[in-house]
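*Asks:* Dropping in start-v5.cif, with mmCIF, C-alpha atoms and all ligand atoms.
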data_query
#
loop_
_atom_site.label_atom_id
_atom_site.label_comp_id
_atom_site.auth_asym_id
_atom_site.auth_seq_id
_atom_site.Cartn_x
_atom_site.Cartn_y
_atom_site.Cartn_z
CA MET A 29 64.24 111.99 98.35
CA GLY A 30 67.08 112.65 100.76
CA ARG A 31 67.04 115.30 103.45
CA ARG A 32 69.10 117.76 101.46
CA GLY A 33 67.20 117.28 98.22
CA THR A 34 63.86 117.67 100.00
CA ASN A 35 64.93 120.92 101.67
CA LEU A 36 66.38 122.42 98.51
CA ALA A 37 63.36 121.40 96.44
CA LEU A 38 61.01 122.92 99.03
CA LEU A 39 62.92 126.18 98.99
CA ALA A 40 62.89 126.33 95.19
CA LEU A 41 59.13 125.61 95.17
CA LEU A 42 58.43 128.27 97.81
CA VAL A 43 60.39 130.90 95.90
CA THR A 44 58.58 129.92 92.68
CA ALA A 45 55.20 130.12 94.42
CA PHE A 46 55.94 133.58 95.86
CA LEU A 47 57.24 135.04 92.60
CA THR A 48 54.47 133.62 90.41
CA GLY A 49 51.82 134.69 92.94
CA TRP A 50 52.97 138.31 92.89
CA LEU A 51 53.41 138.31 89.14
CA ALA A 52 49.89 136.95 88.62
CA PHE A 53 48.51 139.88 90.67
CA GLN A 54 49.87 142.24 88.01
CA LEU A 55 48.30 140.34 85.11
CA PHE A 56 44.78 140.61 83.72
CA ASP A 57 44.80 138.57 80.52
CA SER A 58 45.70 135.02 79.42
CA ARG A 59 49.31 135.48 80.57
CA ALA A 60 47.89 135.15 84.09
CA ARG A 61 46.70 131.62 83.30
CA ALA A 62 50.21 130.46 82.37
CA VAL A 63 51.77 132.05 85.45
CA LEU A 64 49.04 130.60 87.70
CA ALA A 65 49.52 127.10 86.26
CA LEU A 66 53.11 127.32 87.46
CA HIS A 67 51.92 128.77 90.78
CA ALA A 68 49.46 125.92 91.35
CA ALA A 69 52.01 123.29 90.30
CA ALA A 70 54.49 124.75 92.80
CA GLY A 71 51.83 124.49 95.51
CA ILE A 72 51.13 120.87 94.57
CA GLY A 73 54.88 120.16 94.52
CA ILE A 74 55.09 121.42 98.12
CA LEU A 75 52.24 119.08 99.09
CA LEU A 76 53.96 116.14 97.40
CA LEU A 77 57.06 116.73 99.55
CA VAL A 78 55.14 116.73 102.85
CA PRO A 79 55.81 113.01 103.63
CA TRP A 80 59.59 113.51 103.27
CA LYS A 81 59.64 116.88 105.03
CA SER A 82 57.65 115.60 108.00
CA VAL A 83 60.31 112.94 108.67
CA ILE A 84 63.00 115.65 108.65
CA ALA A 85 60.91 117.95 110.83
CA ARG A 86 60.17 115.28 113.41
CA ARG A 87 63.86 114.54 113.72
CA GLY A 88 64.61 118.27 114.03
CA LEU A 89 62.00 118.84 116.73
CA ARG A 90 63.41 116.02 118.83
CA ARG A 91 66.69 117.91 118.95
CA ARG A 92 64.96 120.83 120.76
CA ARG A 93 66.87 123.64 119.16
CA PRO A 94 66.23 127.26 120.23
CA LEU A 95 63.32 128.86 118.39
CA GLY A 96 61.93 125.45 117.44
CA TRP A 97 58.46 126.99 117.85
CA ALA A 98 59.20 129.34 114.95
CA SER A 99 59.45 126.33 112.63
CA LEU A 100 56.03 125.20 113.80
CA VAL A 101 54.57 128.66 113.15
CA LEU A 102 56.12 128.57 109.68
CA ALA A 103 54.61 125.14 109.02
CA ALA A 104 51.18 126.30 110.23
CA LEU A 105 51.25 129.44 108.04
CA LEU A 106 52.20 127.42 104.98
CA VAL A 107 49.53 124.80 105.63
CA LEU A 108 46.89 127.56 106.00
CA SER A 109 48.10 129.30 102.85
CA LEU A 110 48.00 126.06 100.83
CA LEU A 111 44.59 125.15 102.26
CA PHE A 112 42.98 128.51 101.43
CA GLY A 113 44.60 128.62 98.00
CA PHE A 114 43.09 125.19 97.38
CA LEU A 115 39.65 126.25 98.71
CA HIS A 116 39.70 129.29 96.43
CA SER A 117 40.63 127.22 93.38
CA VAL A 118 38.04 124.54 93.97
CA GLY A 119 35.07 126.79 94.62
CA LEU A 120 34.83 128.26 98.12
CA PRO A 121 36.18 131.77 97.54
CA TYR A 122 33.71 133.50 99.85
CA LEU A 123 34.02 131.17 102.75
CA TYR A 124 34.35 134.33 104.78
CA PHE A 125 36.89 133.96 107.48
CA ALA A 126 36.97 137.03 109.72
CA ASP A 127 35.47 138.96 106.79
CA LEU A 128 38.27 137.96 104.42
CA THR A 129 37.97 136.01 101.19
CA ALA A 130 39.84 132.71 100.80
CA MET A 131 42.29 134.50 98.48
CA GLU A 132 43.00 137.16 101.09
CA VAL A 133 43.75 134.49 103.73
CA HIS A 134 45.91 132.64 101.16
CA VAL A 135 47.99 135.75 100.47
CA GLY A 136 48.01 137.08 104.05
CA THR A 137 49.35 133.84 105.53
CA ALA A 138 51.94 133.55 102.73
CA LEU A 139 53.17 137.10 103.43
CA ALA A 140 53.30 136.40 107.15
CA ALA A 141 55.43 133.32 106.39
CA ILE A 142 58.14 135.28 104.53
CA PRO A 143 60.15 136.40 107.60
CA PHE A 144 59.92 132.86 109.01
CA VAL A 145 61.17 131.36 105.73
CA VAL A 146 64.11 133.79 105.68
CA TRP A 147 64.94 132.99 109.30
CA HIS A 148 64.59 129.23 108.70
CA VAL A 149 66.96 129.31 105.72
CA LEU A 150 69.53 131.42 107.62
CA ALA A 151 69.29 129.32 110.79
CA ARG A 152 69.64 125.98 108.97
CA PRO A 153 71.93 126.80 106.06
CA GLN A 154 72.53 124.31 103.27
CA ALA A 155 75.50 125.44 101.20
CA PRO A 156 75.14 124.42 97.56
CA ARG A 157 77.22 121.39 96.59
CA ARG A 158 78.46 120.12 93.28
CA THR A 159 76.43 116.95 93.67
CA ASP A 160 73.18 119.00 93.79
CA LEU A 161 73.51 119.27 90.02
CA SER A 162 74.47 115.64 89.58
CA ARG A 163 72.48 113.46 87.23
CA ARG A 164 70.69 111.86 90.12
CA GLY A 165 69.78 115.23 91.66
CA LEU A 166 68.47 116.59 88.39
CA LEU A 167 66.54 113.40 87.69
CA ARG A 168 64.78 113.67 91.04
CA ALA A 169 64.00 117.35 90.54
CA GLY A 170 62.65 116.50 87.08
CA THR A 171 60.51 113.69 88.46
CA LEU A 172 59.06 116.00 91.11
CA ALA A 173 58.33 118.71 88.51
CA LEU A 174 56.66 116.16 86.24
CA ALA A 175 54.56 114.73 89.07
CA ALA A 176 53.48 118.24 90.15
CA GLY A 177 52.64 119.18 86.56
CA LEU A 178 50.60 116.03 86.01
CA ALA A 179 48.80 116.46 89.32
CA TYR A 180 47.97 120.05 88.36
CA GLY A 181 46.63 118.93 84.97
CA ALA A 182 44.55 116.23 86.67
CA SER A 183 43.17 118.76 89.17
CA GLU A 184 42.06 121.06 86.34
CA LEU A 185 40.34 118.15 84.58
CA GLY A 186 38.79 117.14 87.90
CA LEU A 187 37.31 120.63 88.38
CA ARG A 188 35.66 120.40 84.97
CA ALA A 189 34.52 116.79 85.24
CA GLY A 190 33.04 117.48 88.67
CA ARG A 191 31.47 120.74 87.44
CA LEU A 192 32.94 122.46 90.47
CA PRO A 193 32.59 126.26 90.68
CA GLY A 194 36.37 126.59 90.26
CA ALA A 195 36.06 125.51 86.63
CA ALA A 196 34.25 128.75 85.71
CA ARG A 197 36.96 131.17 86.77
CA ARG A 198 38.61 133.89 84.67
CA GLN A 199 42.25 133.52 83.53
CA THR A 200 43.26 135.29 86.73
CA GLY A 201 41.47 132.69 88.86
CA SER A 202 38.76 135.19 89.90
CA TYR A 203 35.06 134.32 90.25
CA GLU A 204 32.30 136.39 88.64
CA LEU A 205 30.26 138.35 91.18
CA GLY A 206 27.73 141.12 90.47
CA SER A 207 28.25 141.79 86.75
CA HIS A 208 25.88 144.54 85.53
CA GLU A 209 24.65 144.88 89.07
CA PRO A 210 27.07 147.30 90.79
CA ALA A 211 25.31 147.15 94.16
CA ALA A 212 25.97 143.40 94.31
CA THR A 213 29.76 143.81 94.16
CA PRO A 214 31.72 144.19 97.38
CA ALA A 215 33.19 147.64 98.07
CA THR A 216 36.83 146.75 98.47
CA GLN A 217 39.94 148.50 99.69
CA TRP A 218 43.43 147.36 98.77
CA MET A 219 44.68 147.20 102.37
CA PHE A 220 44.03 149.89 104.96
CA ASP A 221 42.41 152.69 102.94
CA GLN A 222 39.07 154.09 104.15
CA PRO A 223 36.31 155.74 102.13
CA PRO A 224 36.48 159.52 102.63
CA ILE A 225 33.38 161.56 103.27
CA VAL A 226 33.28 163.59 100.08
CA ASP A 227 30.21 165.64 99.39
CA PRO A 228 29.90 165.43 95.59
CA GLY A 229 28.59 169.00 95.54
CA ARG A 230 31.87 170.19 97.01
CA LEU A 231 34.21 167.93 95.10
CA SER A 232 36.46 169.39 92.51
CA LEU A 233 38.89 167.53 90.34
CA VAL A 234 42.27 169.15 89.75
CA VAL A 235 43.91 168.27 86.43
CA ALA A 236 47.55 169.39 86.47
CA THR A 237 49.77 169.23 83.37
CA PRO A 238 53.12 170.90 82.58
CA ASP A 239 51.05 173.68 80.98
CA GLY A 240 49.21 174.54 84.16
CA SER A 241 46.29 173.24 86.11
CA ARG A 242 42.56 173.45 85.88
CA SER A 243 39.78 172.32 88.15
CA TYR A 244 36.44 170.79 87.29
CA ARG A 245 33.31 170.71 89.42
CA TYR A 246 31.48 167.41 89.73
CA GLU A 247 28.41 168.65 87.80
CA GLU A 248 30.66 169.53 84.89
CA LEU A 249 32.16 166.03 84.86
CA ALA A 250 28.77 164.35 85.22
CA GLY A 251 27.78 166.06 81.95
CA PHE A 252 30.11 163.88 79.87
CA ARG A 253 28.68 160.70 78.33
CA ASP A 254 31.75 158.69 77.33
CA ARG A 255 31.08 154.97 77.72
CA LEU A 256 33.06 151.82 78.26
CA THR A 257 32.21 148.25 79.21
CA ALA A 258 35.01 146.95 81.41
CA THR A 259 35.78 144.26 83.94
CA LEU A 260 37.01 145.03 87.44
CA ASP A 261 39.07 142.04 88.57
CA CYS A 262 40.03 142.31 92.24
CA THR A 263 43.03 140.42 93.57
CA GLY A 264 40.67 139.41 96.39
CA GLY A 265 39.39 136.77 93.96
CA TRP A 266 36.26 138.15 92.25
CA PHE A 267 35.45 140.07 89.07
CA ALA A 268 32.49 141.98 87.64
CA GLU A 269 31.76 143.54 84.28
CA GLN A 270 29.85 146.86 84.21
CA ASP A 271 28.86 149.50 81.67
CA TRP A 272 30.68 152.56 82.90
CA GLU A 273 29.94 156.17 81.98
CA GLY A 274 31.96 159.33 82.49
CA VAL A 275 34.77 161.10 80.70
CA TRP A 276 37.91 159.80 78.96
CA LEU A 277 40.96 160.93 80.89
CA GLU A 278 42.56 161.87 77.58
CA ARG A 279 39.79 164.39 76.95
CA LEU A 280 40.67 166.28 80.13
CA LEU A 281 44.43 166.16 79.50
CA GLY A 282 44.29 167.36 75.91
CA SER A 283 45.58 165.52 72.88
CA GLY A 284 49.13 166.96 72.86
CA ILE A 285 49.91 165.54 76.30
CA GLY A 286 52.30 162.92 74.86
CA ARG A 287 54.75 165.65 73.90
CA ARG A 288 54.75 167.26 77.33
CA ALA A 289 54.57 164.39 79.85
CA THR A 290 55.62 160.76 80.26
CA SER A 291 53.14 159.53 82.84
CA VAL A 292 49.90 160.39 84.61
CA ASN A 293 49.29 159.97 88.31
CA VAL A 294 45.65 159.42 89.33
CA VAL A 295 45.22 160.34 93.00
CA SER A 296 42.40 159.71 95.46
CA ALA A 297 41.10 162.05 98.15
CA THR A 298 42.61 159.48 100.55
CA GLY A 299 46.13 159.81 99.11
CA TYR A 300 45.92 156.40 97.37
CA GLY A 301 47.10 156.71 93.77
CA ARG A 302 48.43 154.87 90.72
CA ARG A 303 50.70 156.18 87.97
CA PHE A 304 50.03 155.18 84.33
CA SER A 305 52.20 155.35 81.24
CA LEU A 306 50.81 157.41 78.35
CA PRO A 307 50.05 154.41 76.08
CA ALA A 308 47.56 153.30 78.75
CA LEU A 309 45.55 156.55 78.42
CA PRO A 310 43.04 155.35 75.78
CA ARG A 311 41.85 152.71 78.28
CA LEU A 312 41.28 155.11 81.17
CA LEU A 313 37.83 156.50 81.89
CA LEU A 314 36.89 158.69 84.86
CA ALA A 315 33.49 157.24 85.73
CA THR A 316 30.62 159.02 87.45
CA ARG A 317 28.08 156.23 86.77
CA ALA A 318 27.88 152.45 86.51
CA GLU A 319 24.96 150.77 84.72
CA GLY A 320 23.30 154.20 84.39
CA GLN A 321 23.28 154.80 88.17
CA GLU A 322 25.42 157.26 90.09
CA LEU A 323 28.26 155.52 91.91
CA ASP A 324 27.67 154.83 95.58
CA PRO A 325 30.14 156.07 98.20
CA GLY A 326 31.84 152.71 98.79
CA HIS A 327 32.44 152.26 95.07
CA GLY A 328 34.23 155.57 94.62
CA ALA A 329 31.56 158.28 94.36
CA PRO A 330 31.54 160.79 92.97
CA LEU A 331 34.40 159.92 90.62
CA ARG A 332 36.43 156.72 90.14
CA LEU A 333 38.91 155.51 87.59
CA VAL A 334 38.05 152.67 85.21
CA ALA A 335 41.37 151.20 84.09
CA ALA A 336 40.26 148.66 81.46
CA GLY A 337 42.68 145.73 81.23
CA GLU A 338 44.27 146.35 84.63
CA ARG A 339 43.60 144.60 87.93
CA GLY A 340 41.28 146.25 90.49
CA PHE A 341 43.96 148.00 92.51
CA TRP A 342 44.60 150.30 89.53
CA TRP A 343 40.96 151.50 89.56
CA VAL A 344 41.52 154.45 91.93
CA LYS A 345 38.34 155.50 93.76
CA TRP A 346 37.34 159.00 95.00
CA VAL A 347 39.62 160.65 92.43
CA THR A 348 40.41 164.30 93.17
CA ARG A 349 43.67 164.90 91.31
CA ILE A 350 45.18 163.99 87.94
CA GLN A 351 48.83 164.88 87.55
CA ALA A 352 50.65 164.58 84.21
CA ASP A 353 54.40 165.04 84.54
CA ASP A 354 57.70 163.65 83.32
CA LEU A 355 58.35 161.02 85.97
CA PRO A 356 58.65 157.50 84.51
CA ALA A 357 55.54 155.33 84.93
CA TRP A 358 57.51 152.75 86.94
CA TRP A 359 58.23 155.43 89.53
CA GLN A 360 55.91 153.86 92.08
CA SER A 361 55.63 150.77 94.21
CA PRO A 362 54.42 147.81 92.05
CA PHE A 363 51.58 147.41 94.55
CA PRO A 364 49.85 150.16 96.54
CA LEU A 365 51.11 150.65 100.10
CA GLN A 366 47.84 151.74 101.72
N1 LIG B 401 41.31 155.17 96.93
C1 LIG B 401 41.30 153.84 96.77
N2 LIG B 401 40.93 153.32 95.58
C2 LIG B 401 40.88 151.97 95.42
C3 LIG B 401 41.25 151.10 96.47
C4 LIG B 401 41.66 151.66 97.70
O1 LIG B 401 42.00 150.96 98.67
N3 LIG B 401 41.66 153.03 97.82
N4 LIG B 401 41.21 149.71 96.27
C5 LIG B 401 41.29 149.25 94.89
C6 LIG B 401 40.95 147.84 94.76
S1 LIG B 401 42.07 146.74 95.41
C7 LIG B 401 39.85 147.40 94.08
S2 LIG B 401 39.60 145.76 93.76
C8 LIG B 401 38.82 148.34 93.62
C9 LIG B 401 37.48 147.90 94.19
O2 LIG B 401 36.45 148.70 93.70
P1 LIG B 401 34.99 148.59 94.31
O3 LIG B 401 35.09 148.91 95.77
O4 LIG B 401 34.15 149.54 93.53
O5 LIG B 401 34.54 147.16 94.12
O6 LIG B 401 39.08 149.67 94.02
C10 LIG B 401 40.44 150.08 93.92
N5 LIG B 401 40.50 151.48 94.20
MO MO B 402 41.21 144.62 94.97
#
For the file at hand, write its structure as structure tokens.
Ligand SMILES: Nc1nc2c(c(=O)[nH]1)N[C@H]1C(S)=C(S)[C@@H](COP(=O)(O)O)O[C@H]1N2
Ligand SMILES: [Mo]

*Replies:*
Amino acid sequence: MGRRGTNLALLALLVTAFLTGWLAFQLFDSRARAVLALHAAAGIGILLLVPWKSVIARRGLRRRRPLGWASLVLAALLVLSLLFGFLHSVGLPYLYFADLTAMEVHVGTALAAIPFVVWHVLARPQAPRRTDLSRRGLLRAGTLALAAGLAYGASELGLRAGRLPGAARRQTGSYELGSHEPAATPATQWMFDQPPIVDPGRLSLVVATPDGSRSYRYEELAGFRDRLTATLDCTGGWFAEQDWEGVWLERLLGSGIGRRATSVNVVSATGYGRRFSLPALPRLLLATRAEGQELDPGHGAPLRLVAAGERGFWWVKWVTRIQADDLPAWWQSPFPLQ
């Protein structure tokens, strides 16, 4: 691999890894497995290029350019991200590091690397050339892709042959933790949100539709016995299945809601919220209990959303408002901001 080819291949692999990583966080089912295979292969491809890149980097450092330290920070962040992604995949997801899971360190370091990657590409530009798409260039790119794909396949076989914990993960890569035992699951916030102090006796849920709004007291909601077994799969790298009990969201909105609204926003006492399209409604339960027990405060008491088939960040906790209106469902950030 030449200098140019190595740099371009690294950039392509980094972009692939970022995009597939974010996409996988939106997926719950077997599509996640396909996207994550590409994600892992991109990570392995980056590793395979390390011998070539380190020659280039050593030469670059000798030239003592301004901001050379920023390249070292970038390298360190990427090494940490790769390392923790690898630890998660193999079987050390809860190697708690400053109270974070391996997946959280993997993602956090990758996010921190983004501004450095952008700077690095702008500071050391490589304009595309005709020869990049030459037969030789494409052959090398193909060889790298093949090697990364084979190495990924071998790593998956290795996990199984070695009976490593990583072999037993869900399609999303998450590990099972605390199924049918709600108290054994970690109470998790997406980023900076904090559990509110809500006295269930004082809580009321406001359900607002284009026809007007109505509020429910907690005791009223606790009287419903709708049930659903569903899996909460946190992007932090774990999942748990529970038997949930509460009330179907559809029941509170009324059956004609499809003619009067296009989406439903489920909002927490903390301001955290997610907006759902109407076809998702039959999978949404407002839960007051898990495994027959009242929810505990960290897990969303007195009322939390169960969004079957969606990743954990859709499962809004401490729900106090349901708003059906005619905004499109995509009218929100793809990931929560708090
Ligand atoms: N209000 C609110 N709800 C939230 C979150 C949050 O930060 N704030 N985090 C979500 C995420 S990322 C997950 S994985 C689940 C975790 O639920 P648990 O704490 O019951 O395990 O809650 C979701 N609901
Ligand atoms: Mo999560």

*Asks:* Grab the CA of Phe53 (chain A) to CA of Thr290 (chain A) distance for me, in Å with one decimal place.

*Replies:*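 Those two atoms sit 24.4 Å apart.
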
*Asks:* How close does each residue of chain A get to ligand LIG 401 (chain B), giving the shortest atom pair and distance in Å to one decimal for every residue with an atom at most 8 Å away, counting all atoms listed in the file, sorted by chain and residue number, as a tab-separated table?

*Replies:*
residue	atom	partner	partner_atom	distance
A:Pro210	CA	B:LIG401	O4	7.9
A:Thr213	CA	B:LIG401	O5	5.8
A:Pro214	CA	B:LIG401	O5	5.2
A:Ala215	CA	B:LIG401	O3	3.2
A:Thr216	CA	B:LIG401	O3	3.9
A:Gln217	CA	B:LIG401	O1	3.4
A:Trp218	CA	B:LIG401	S1	3.7
A:Met219	CA	B:LIG401	O1	5.9
A:Phe220	CA	B:LIG401	O1	6.7
A:Asp221	CA	B:LIG401	O1	4.6
A:Gln222	CA	B:LIG401	N3	6.9
A:Pro223	CA	B:LIG401	N1	7.2
A:Leu260	CA	B:LIG401	S2	6.9
A:Asp261	CA	B:LIG401	S2	6.4
A:Cys262	CA	B:LIG401	S2	3.8
A:Thr263	CA	B:LIG401	S2	6.3
A:Gly264	CA	B:LIG401	S2	7.0
A:Val295	CA	B:LIG401	N1	7.6
A:Ser296	CA	B:LIG401	N1	4.9
A:Ala297	CA	B:LIG401	N1	7.0
A:Thr298	CA	B:LIG401	N1	5.8
A:Gly299	CA	B:LIG401	N1	7.0
A:Tyr300	CA	B:LIG401	N1	4.8
A:Gly301	CA	B:LIG401	N1	6.8
A:Gly326	CA	B:LIG401	O3	5.8
A:His327	CA	B:LIG401	O4	3.6
A:Gly328	CA	B:LIG401	O4	6.1
A:Arg332	CA	B:LIG401	N5	7.8
A:Leu333	CA	B:LIG401	N5	7.9
A:Arg339	CA	B:LIG401	S2	7.2
A:Gly340	CA	B:LIG401	S2	3.7
A:Phe341	CA	B:LIG401	S1	3.7
A:Trp342	CA	B:LIG401	C10	6.1
A:Trp343	CA	B:LIG401	C10	4.6
A:Val344	CA	B:LIG401	N2	3.9
A:Lys345	CA	B:LIG401	N2	3.8
A:Trp346	CA	B:LIG401	N1	5.8
A:Val347	CA	B:LIG401	N1	7.3
A:Gln366	CA	B:LIG401	O1	6.6

*Asks:* When you count all atoms listed in the file, which of these residues is closest to ligand MO 402 (chain B): A:Thr129, A:Ser232, A:Ser291, A:Thr137?

*Replies:*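 Between A:Thr129, A:Ser232, A:Ser291, A:Thr137, the residue approaching ligand MO 402 (chain B) most closely is A:Thr129.
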
*Asks:* Closest to Arg32 (chain A) among A:Thr159, A:Gln321, A:Thr200, A:Ser361, using only C-alpha atoms?

*Replies:*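 Once distances to Arg32 (chain A) are computed over only C-alpha atoms, the minimum belongs to A:Thr159.
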
*Asks:* Considering all atoms listed in the file, state which residue in the set A:Leu128, A:Ile142, A:Val63, A:Leu111 is at the smallest distance from ligand MO 402 (chain B).

*Replies:*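 Of the candidates, the smallest distance to ligand MO 402 (chain B) is held by A:Leu128.
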